[in-house]
Each structure stands twice: as C-alpha cells, then as structure tokens.
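> Just one file: final.cif, with mmCIF, C-alpha atoms.
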```cif
data_start
#
loop_
_atom_site.group_PDB
_atom_site.id
_atom_site.type_symbol
_atom_site.label_atom_id
_atom_site.label_comp_id
_atom_site.auth_asym_id
_atom_site.auth_seq_id
_atom_site.Cartn_x
_atom_site.Cartn_y
_atom_site.Cartn_z
ATOM 1 C CA MET A 1 1.524 -26.762 -5.376
ATOM 2 C CA ALA A 2 2.196 -25.542 -8.923
ATOM 3 C CA ASP A 3 -0.935 -23.433 -9.332
ATOM 4 C CA ALA A 4 -0.823 -21.927 -5.823
ATOM 5 C CA PRO A 5 -0.357 -18.367 -7.125
ATOM 6 C CA HIS A 6 -3.496 -18.750 -9.246
ATOM 7 C CA THR A 7 -5.420 -20.120 -6.277
ATOM 8 C CA TRP A 8 -4.334 -17.227 -4.040
ATOM 9 C CA MET A 9 -5.210 -14.723 -6.754
ATOM 10 C CA ARG A 10 -8.686 -16.189 -7.099
ATOM 11 C CA LYS A 11 -9.112 -15.799 -3.328
ATOM 12 C CA ALA A 12 -8.137 -12.123 -3.605
ATOM 13 C CA ILE A 13 -10.669 -11.675 -6.419
ATOM 14 C CA ASP A 14 -13.346 -13.445 -4.351
ATOM 15 C CA LEU A 15 -12.607 -11.059 -1.447
ATOM 16 C CA ALA A 16 -13.144 -8.110 -3.788
ATOM 17 C CA ILE A 17 -16.469 -9.509 -5.002
ATOM 18 C CA GLU A 18 -17.572 -10.225 -1.439
ATOM 19 C CA ASN A 19 -16.623 -6.675 -0.460
ATOM 20 C CA VAL A 20 -18.804 -5.188 -3.202
ATOM 21 C CA ARG A 21 -21.739 -7.436 -2.298
ATOM 22 C CA SER A 22 -21.458 -6.506 1.377
ATOM 23 C CA GLY A 23 -21.514 -2.788 0.581
ATOM 24 C CA HIS A 24 -18.401 -2.405 2.718
ATOM 25 C CA GLY A 25 -16.306 -0.692 0.038
ATOM 26 C CA GLY A 26 -14.839 -0.749 -3.452
ATOM 27 C CA PRO A 27 -14.072 -3.739 -5.692
ATOM 28 C CA PHE A 28 -10.626 -4.509 -4.326
ATOM 29 C CA GLY A 29 -9.274 -7.393 -2.271
ATOM 30 C CA ALA A 30 -5.756 -8.355 -1.216
ATOM 31 C CA LEU A 31 -4.012 -10.999 0.811
ATOM 32 C CA VAL A 32 -0.582 -11.740 2.219
ATOM 33 C CA VAL A 33 0.832 -15.256 2.026
ATOM 34 C CA LYS A 34 3.947 -16.643 3.677
ATOM 35 C CA ASP A 35 5.287 -20.156 3.172
ATOM 36 C CA GLY A 36 2.031 -21.247 1.596
ATOM 37 C CA GLU A 37 -0.053 -19.969 4.526
ATOM 38 C CA LEU A 38 -2.588 -17.156 4.414
ATOM 39 C CA ILE A 39 -1.323 -14.547 6.871
ATOM 40 C CA ALA A 40 -3.797 -11.717 6.368
ATOM 41 C CA THR A 41 -6.445 -10.257 4.102
ATOM 42 C CA GLY A 42 -7.622 -6.772 3.336
ATOM 43 C CA VAL A 43 -10.470 -5.214 1.419
ATOM 44 C CA ASN A 44 -11.121 -1.685 0.301
ATOM 45 C CA SER A 45 -12.913 0.044 3.167
ATOM 46 C CA VAL A 46 -12.418 3.685 2.225
ATOM 47 C CA THR A 47 -16.097 4.603 2.495
ATOM 48 C CA SER A 48 -17.035 2.432 5.463
ATOM 49 C CA ARG A 49 -14.057 3.661 7.534
ATOM 50 C CA ASN A 50 -14.058 7.208 6.176
ATOM 51 C CA ASP A 51 -10.365 6.651 5.519
ATOM 52 C CA PRO A 52 -8.898 7.456 2.095
ATOM 53 C CA THR A 53 -5.890 5.236 2.880
ATOM 54 C CA ALA A 54 -7.983 2.126 3.632
ATOM 55 C CA HIS A 55 -7.210 0.423 0.320
ATOM 56 C CA ALA A 56 -7.155 -3.371 0.181
ATOM 57 C CA GLU A 57 -3.376 -3.654 -0.114
ATOM 58 C CA VAL A 58 -2.740 -1.231 2.750
ATOM 59 C CA MET A 59 -5.238 -3.048 4.971
ATOM 60 C CA ALA A 60 -3.701 -6.447 4.145
ATOM 61 C CA ILE A 61 -0.204 -5.116 4.879
ATOM 62 C CA ARG A 62 -1.349 -3.593 8.198
ATOM 63 C CA ASN A 63 -3.064 -6.821 9.216
ATOM 64 C CA ALA A 64 -0.103 -8.999 8.197
ATOM 65 C CA CYS A 65 2.436 -6.845 10.009
ATOM 66 C CA ARG A 66 0.292 -6.865 13.134
ATOM 67 C CA ARG A 67 -0.077 -10.659 12.985
ATOM 68 C CA LEU A 68 3.621 -11.277 12.305
ATOM 69 C CA ALA A 69 4.720 -8.566 14.773
ATOM 70 C CA THR A 70 7.013 -6.951 12.224
ATOM 71 C CA PHE A 71 7.099 -3.889 10.006
ATOM 72 C CA GLN A 72 8.500 -5.714 6.988
ATOM 73 C CA LEU A 73 7.042 -8.621 5.063
ATOM 74 C CA SER A 74 10.157 -10.362 3.791
ATOM 75 C CA GLY A 75 9.371 -13.958 2.922
ATOM 76 C CA CYS A 76 5.807 -12.974 1.989
ATOM 77 C CA GLU A 77 3.904 -12.488 -1.234
ATOM 78 C CA ILE A 78 0.998 -10.129 -1.800
ATOM 79 C CA TYR A 79 -1.923 -10.974 -4.074
ATOM 80 C CA THR A 80 -4.258 -8.187 -5.089
ATOM 81 C CA SER A 81 -7.286 -8.131 -7.335
ATOM 82 C CA CYS A 82 -6.085 -5.032 -9.207
ATOM 83 C CA GLU A 83 -2.773 -3.402 -10.041
ATOM 84 C CA PRO A 84 -1.851 -1.229 -7.045
ATOM 85 C CA CYS A 85 -2.423 2.508 -7.126
ATOM 86 C CA PRO A 86 0.582 4.768 -6.397
ATOM 87 C CA MET A 87 -0.127 4.779 -2.642
ATOM 88 C CA CYS A 88 -0.491 1.000 -2.450
ATOM 89 C CA LEU A 89 2.534 0.403 -4.635
ATOM 90 C CA SER A 90 4.548 2.605 -2.290
ATOM 91 C CA ALA A 91 3.192 0.709 0.724
ATOM 92 C CA ILE A 92 4.191 -2.584 -0.910
ATOM 93 C CA TYR A 93 7.723 -1.316 -1.486
ATOM 94 C CA TRP A 94 7.940 -0.081 2.114
ATOM 95 C CA ALA A 95 6.716 -3.473 3.384
ATOM 96 C CA ARG A 96 9.391 -5.256 1.314
ATOM 97 C CA PRO A 97 7.643 -8.525 0.453
ATOM 98 C CA ASP A 98 9.437 -10.966 -1.827
ATOM 99 C CA GLY A 99 6.951 -10.101 -4.572
ATOM 100 C CA PHE A 100 3.384 -9.302 -5.496
ATOM 101 C CA TYR A 101 0.813 -10.375 -8.054
ATOM 102 C CA PHE A 102 -2.222 -8.563 -9.426
ATOM 103 C CA ALA A 103 -5.185 -9.539 -11.604
ATOM 104 C CA CYS A 104 -6.603 -6.497 -13.437
ATOM 105 C CA GLY A 105 -4.458 -3.658 -14.697
ATOM 106 C CA ARG A 106 -4.845 0.010 -13.833
ATOM 107 C CA GLU A 107 -6.641 0.639 -17.109
ATOM 108 C CA VAL A 108 -9.493 -1.637 -16.005
ATOM 109 C CA ALA A 109 -9.799 0.261 -12.716
ATOM 110 C CA ALA A 110 -9.774 3.574 -14.597
ATOM 111 C CA ALA A 111 -12.510 2.369 -16.948
ATOM 112 C CA HIS A 112 -14.648 1.702 -13.865
ATOM 113 C CA GLY A 113 -14.121 5.089 -12.231
ATOM 114 C CA PHE A 114 -10.980 4.404 -10.205
ATOM 115 C CA GLU A 115 -8.512 6.673 -11.994
ATOM 116 C CA ASP A 116 -5.140 7.380 -10.442
ATOM 117 C CA ALA A 117 -2.974 8.405 -13.414
ATOM 118 C CA PHE A 118 -3.325 12.032 -12.277
ATOM 119 C CA ILE A 119 -1.438 11.148 -9.073
ATOM 120 C CA ASP A 120 1.477 9.748 -11.076
ATOM 121 C CA LYS A 121 1.536 13.022 -13.002
ATOM 122 C CA GLU A 122 1.353 15.092 -9.810
ATOM 123 C CA LEU A 123 4.258 13.191 -8.250
ATOM 124 C CA GLY A 124 6.470 14.242 -11.146
ATOM 125 C CA ARG A 125 5.668 17.916 -10.728
ATOM 126 C CA HIS A 126 7.587 20.450 -8.676
ATOM 127 C CA PRO A 127 5.648 21.230 -5.468
ATOM 128 C CA ASP A 128 4.855 24.752 -6.734
ATOM 129 C CA GLU A 129 3.137 23.273 -9.796
ATOM 130 C CA ARG A 130 0.884 20.702 -8.100
ATOM 131 C CA THR A 131 -2.899 20.864 -8.262
ATOM 132 C CA ILE A 132 -3.305 20.956 -4.485
ATOM 133 C CA PHE A 133 -1.603 23.970 -2.927
ATOM 134 C CA CYS A 134 1.647 23.143 -1.159
ATOM 135 C CA ARG A 135 4.662 25.139 -0.074
ATOM 136 C CA GLN A 136 7.806 24.255 1.807
ATOM 137 C CA LEU A 137 8.157 26.088 5.108
ATOM 138 C CA VAL A 138 10.943 26.305 7.709
ATOM 139 C CA ALA A 139 13.114 23.732 5.941
ATOM 140 C CA GLU A 140 15.996 24.464 8.293
ATOM 141 C CA ASP A 141 13.884 23.391 11.285
ATOM 142 C CA GLY A 142 12.577 20.402 9.369
ATOM 143 C CA LEU A 143 16.093 19.001 9.377
ATOM 144 C CA ARG A 144 16.129 18.743 13.184
ATOM 145 C CA PRO A 145 14.181 15.433 13.451
ATOM 146 C CA PHE A 146 16.605 13.833 10.973
ATOM 147 C CA GLU A 147 19.580 15.063 12.983
ATOM 148 C CA GLU A 148 17.980 13.574 16.099
ATOM 149 C CA TRP A 149 17.418 10.279 14.248
ATOM 150 C CA LYS A 150 21.063 10.208 13.166
ATOM 151 C CA ARG A 151 22.225 10.575 16.791
ATOM 152 C CA SER A 152 19.680 8.185 18.275
ATOM 153 C CA GLN A 153 20.892 4.943 19.820
ATOM 154 C CA ARG A 154 17.299 3.644 19.830
ATOM 155 C CA LYS A 155 16.622 3.825 16.087
ATOM 156 C CA ILE A 156 15.633 0.743 14.146
ATOM 157 C CA PRO A 157 16.658 1.241 10.513
ATOM 158 C CA TYR A 158 14.141 0.326 7.851
#
```
Let me see the file written as structure tokens.

Amino acid sequence: MADAPHTWMRKAIDLAIENVRSGHGGPFGALVVKDGELIATGVNSVTSRNDPTAHAEVMAIRNACRRLATFQLSGCEIYTSCEPCPMCLSAIYWARPDGFYFACGREVAAAHGFEDAFIDKELGRHPDERTIFCRQLVAEDGLRPFEEWKRSQRKIPY
C-alpha cells in the first residue's frame, strides 16, 4: 500500500487527539508497525501515571517489546505525532527500529509549552556545569559492574 506511512501517521495523530480528549495526558501518540501490522501503541501518560518517562514513544516501545518478546525492534517502524524529545529519540535508537516518522516538529511542541531544547543544551555541558547538581563519586568502584559484565558468560549484548 503506497500511502501506508501516511495512514499510520494519521493513526498516531488520532491517538494523540484521543489522549487529549480523554484527559489521560499530553498531545502525543505513537505506534509501532511491523510488516504492515500494528504491533503496539502508546500515548503520553506522564500526568496520569505520575511518570516523567511515560512519553508516547517510550510507551509504544515498551508495549511493542513486550508483545514481540524482544528488546529490539528491528524490522519495525515507529510513527509518532511529534518529533521525539531527547529521551524518546534515545529510546528509539536503543530499540533499533528500521526507521521512524514524525508529524510535527519540535518547534511546534515548544510553541505549545513542550520545550526540550534546554535538555539538548544540558547534554552538551560538562557535569559540573549542568543546571541540576551532579558530581561523579567513587568512579573506581563504578567500574566494577562493567568488569563483571565483561567476564559474564550470561550476558546478552545489545
């Protein structure tokens, strides 16, 4: 179906609208598609779950991975009603889908009160210069879990 990506995107947008109307959360919807089949959906549920990570893309990825019994979404595409924030973009990269599509750009989200450019700026700063206090502690001990991982015969690389 030639216009399948447009159809899926409209479904993601409809999810976002439905989410706003329900009062469940913010104006964001996402879905995961594999081989032309809808695998999972997600909507922004930050306020209803009291979970700052419950963005639409993250929820769709969690639901898709649970349904497919995998931690990677190769062979899948993600459709989201808005360009992903830094957290969601990172989650998409970690999930490794074949690709993703979005409707509105970040500037539209920012114009409606969903500004995340400050996070991009923070990520580029040295930890000592970030807005939220952070300091590295016991770095030598922090290496121990990685040494254990390196030796482990049970690890599953990702």
> Pick out the closest residue to Glu115 in chain A from this set: A:Gly142, A:Pro86, A:Pro97, A:Gly23. Count only C-alpha atoms.
A:Pro86
> Evaluate the PyMOL selection byres ((chain A and resi 26) around 12) here and jot the selected residues down as a ChimeraX atom specification.
/A:15-25,27-29,42-49,52,54-56,81-82,109,112-114
> To one decimal in Å, tell me the separation between CA of Cys88 in chain A and CA of Leu143 in chain A.
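According to the coordinates, CA of Cys88 in chain A and CA of Leu143 in chain A are separated by 27.2 Å.
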> Would you compute the distance between CA of Gly36 in chain A and CA of Glu83 in chain A? Give it in Å to one decimal.
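According to the coordinates, CA of Gly36 in chain A and CA of Glu83 in chain A are separated by 21.8 Å.
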> Which residues match the PyMOL selection byres ((chain A and resi 101-106) around 9) in the file above, as a list in words?
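What the PyMOL selection byres ((chain A and resi 101-106) around 9) grabs from the file is Pro5, Met9, Arg10, Ala12, Ile13, Ala30, Glu77, Ile78, Tyr79, Thr80, Ser81, Cys82, Glu83, Pro84, Cys85, Gly99, Phe100, Glu107, Val108, Ala109, Ala110, Ala111, Phe114, Glu115, Asp116 and Ala117 of chain A.
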> Could you please determine the separation between CA of Arg154 in chain A and CA of Leu68 in chain A in Å, to one decimal place?
21.6 Å
> Show me, as a list in words, the residues that have an atom within 12 Å of Lys155 in chain A when counting all atoms listed in the file, minus same-chain residues fewer than 6 positions from it.
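Surrounding residues, per the criterion: Phe146, Glu148 and Trp149 of chain A.
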> Once 6 Å is added on each side, what centre and edge lengths in Å to one decimal does the axis-aligned box around all listed atoms of range 83-99 of chain A have, as AutoDock Vina command-line options?

```
--center_x 3.3 --center_y -3.1 --center_z -3.3 --size_x 24.2 --size_y 27.7 --size_z 25.4
```
> Any chance you could model N, CA, C and O atoms for range 132-146 of chain A and send them as a PDB file, keeping the file's coordinate frame?

```pdb
ATOM      1  N   ILE A 132      -2.970  20.576  -5.858  1.00  0.00           N
ATOM      2  CA  ILE A 132      -3.305  20.956  -4.485  1.00  0.00           C
ATOM      3  C   ILE A 132      -2.192  21.863  -3.972  1.00  0.00           C
ATOM      4  O   ILE A 132      -1.009  21.537  -4.085  1.00  0.00           O
ATOM      5  N   PHE A 133      -2.573  22.993  -3.422  1.00  0.00           N
ATOM      6  CA  PHE A 133      -1.603  23.970  -2.927  1.00  0.00           C
ATOM      7  C   PHE A 133      -0.638  23.321  -1.949  1.00  0.00           C
ATOM      8  O   PHE A 133      -1.038  22.599  -1.028  1.00  0.00           O
ATOM      9  N   CYS A 134       0.642  23.568  -2.138  1.00  0.00           N
ATOM     10  CA  CYS A 134       1.647  23.143  -1.159  1.00  0.00           C
ATOM     11  C   CYS A 134       2.861  24.054  -1.268  1.00  0.00           C
ATOM     12  O   CYS A 134       3.206  24.514  -2.356  1.00  0.00           O
ATOM     13  N   ARG A 135       3.454  24.325  -0.135  1.00  0.00           N
ATOM     14  CA  ARG A 135       4.662  25.139  -0.074  1.00  0.00           C
ATOM     15  C   ARG A 135       5.566  24.593   1.022  1.00  0.00           C
ATOM     16  O   ARG A 135       5.085  24.141   2.062  1.00  0.00           O
ATOM     17  N   GLN A 136       6.844  24.656   0.789  1.00  0.00           N
ATOM     18  CA  GLN A 136       7.806  24.255   1.807  1.00  0.00           C
ATOM     19  C   GLN A 136       7.991  25.417   2.781  1.00  0.00           C
ATOM     20  O   GLN A 136       8.121  26.564   2.375  1.00  0.00           O
ATOM     21  N   LEU A 137       7.971  25.078   4.065  1.00  0.00           N
ATOM     22  CA  LEU A 137       8.157  26.088   5.108  1.00  0.00           C
ATOM     23  C   LEU A 137       9.208  25.615   6.103  1.00  0.00           C
ATOM     24  O   LEU A 137       9.324  24.423   6.374  1.00  0.00           O
ATOM     25  N   VAL A 138       9.921  26.516   6.680  1.00  0.00           N
ATOM     26  CA  VAL A 138      10.943  26.305   7.709  1.00  0.00           C
ATOM     27  C   VAL A 138      11.771  25.020   7.479  1.00  0.00           C
ATOM     28  O   VAL A 138      11.922  24.193   8.376  1.00  0.00           O
ATOM     29  N   ALA A 139      12.319  24.909   6.295  1.00  0.00           N
ATOM     30  CA  ALA A 139      13.114  23.732   5.941  1.00  0.00           C
ATOM     31  C   ALA A 139      14.277  23.519   6.904  1.00  0.00           C
ATOM     32  O   ALA A 139      14.607  22.376   7.235  1.00  0.00           O
ATOM     33  N   GLU A 140      14.854  24.600   7.372  1.00  0.00           N
ATOM     34  CA  GLU A 140      15.996  24.464   8.293  1.00  0.00           C
ATOM     35  C   GLU A 140      15.578  23.774   9.589  1.00  0.00           C
ATOM     36  O   GLU A 140      16.305  22.959  10.140  1.00  0.00           O
ATOM     37  N   ASP A 141      14.384  24.061  10.087  1.00  0.00           N
ATOM     38  CA  ASP A 141      13.884  23.391  11.285  1.00  0.00           C
ATOM     39  C   ASP A 141      13.442  21.964  10.981  1.00  0.00           C
ATOM     40  O   ASP A 141      13.512  21.088  11.835  1.00  0.00           O
ATOM     41  N   GLY A 142      12.996  21.741   9.771  1.00  0.00           N
ATOM     42  CA  GLY A 142      12.577  20.402   9.369  1.00  0.00           C
ATOM     43  C   GLY A 142      13.710  19.400   9.375  1.00  0.00           C
ATOM     44  O   GLY A 142      13.473  18.188   9.463  1.00  0.00           O
ATOM     45  N   LEU A 143      14.923  19.878   9.330  1.00  0.00           N
ATOM     46  CA  LEU A 143      16.093  19.001   9.377  1.00  0.00           C
ATOM     47  C   LEU A 143      16.343  18.455  10.782  1.00  0.00           C
ATOM     48  O   LEU A 143      16.939  17.388  10.951  1.00  0.00           O
ATOM     49  N   ARG A 144      15.857  19.126  11.794  1.00  0.00           N
ATOM     50  CA  ARG A 144      16.129  18.743  13.184  1.00  0.00           C
ATOM     51  C   ARG A 144      15.714  17.309  13.529  1.00  0.00           C
ATOM     52  O   ARG A 144      16.488  16.593  14.181  1.00  0.00           O
ATOM     53  N   PRO A 145      14.524  16.829  13.133  1.00  0.00           N
ATOM     54  CA  PRO A 145      14.181  15.433  13.451  1.00  0.00           C
ATOM     55  C   PRO A 145      15.151  14.421  12.818  1.00  0.00           C
ATOM     56  O   PRO A 145      15.456  13.390  13.419  1.00  0.00           O
ATOM     57  N   PHE A 146      15.656  14.741  11.625  1.00  0.00           N
ATOM     58  CA  PHE A 146      16.605  13.833  10.973  1.00  0.00           C
ATOM     59  C   PHE A 146      17.958  13.831  11.688  1.00  0.00           C
ATOM     60  O   PHE A 146      18.599  12.789  11.802  1.00  0.00           O
TER      61      PHE A 146
END
```
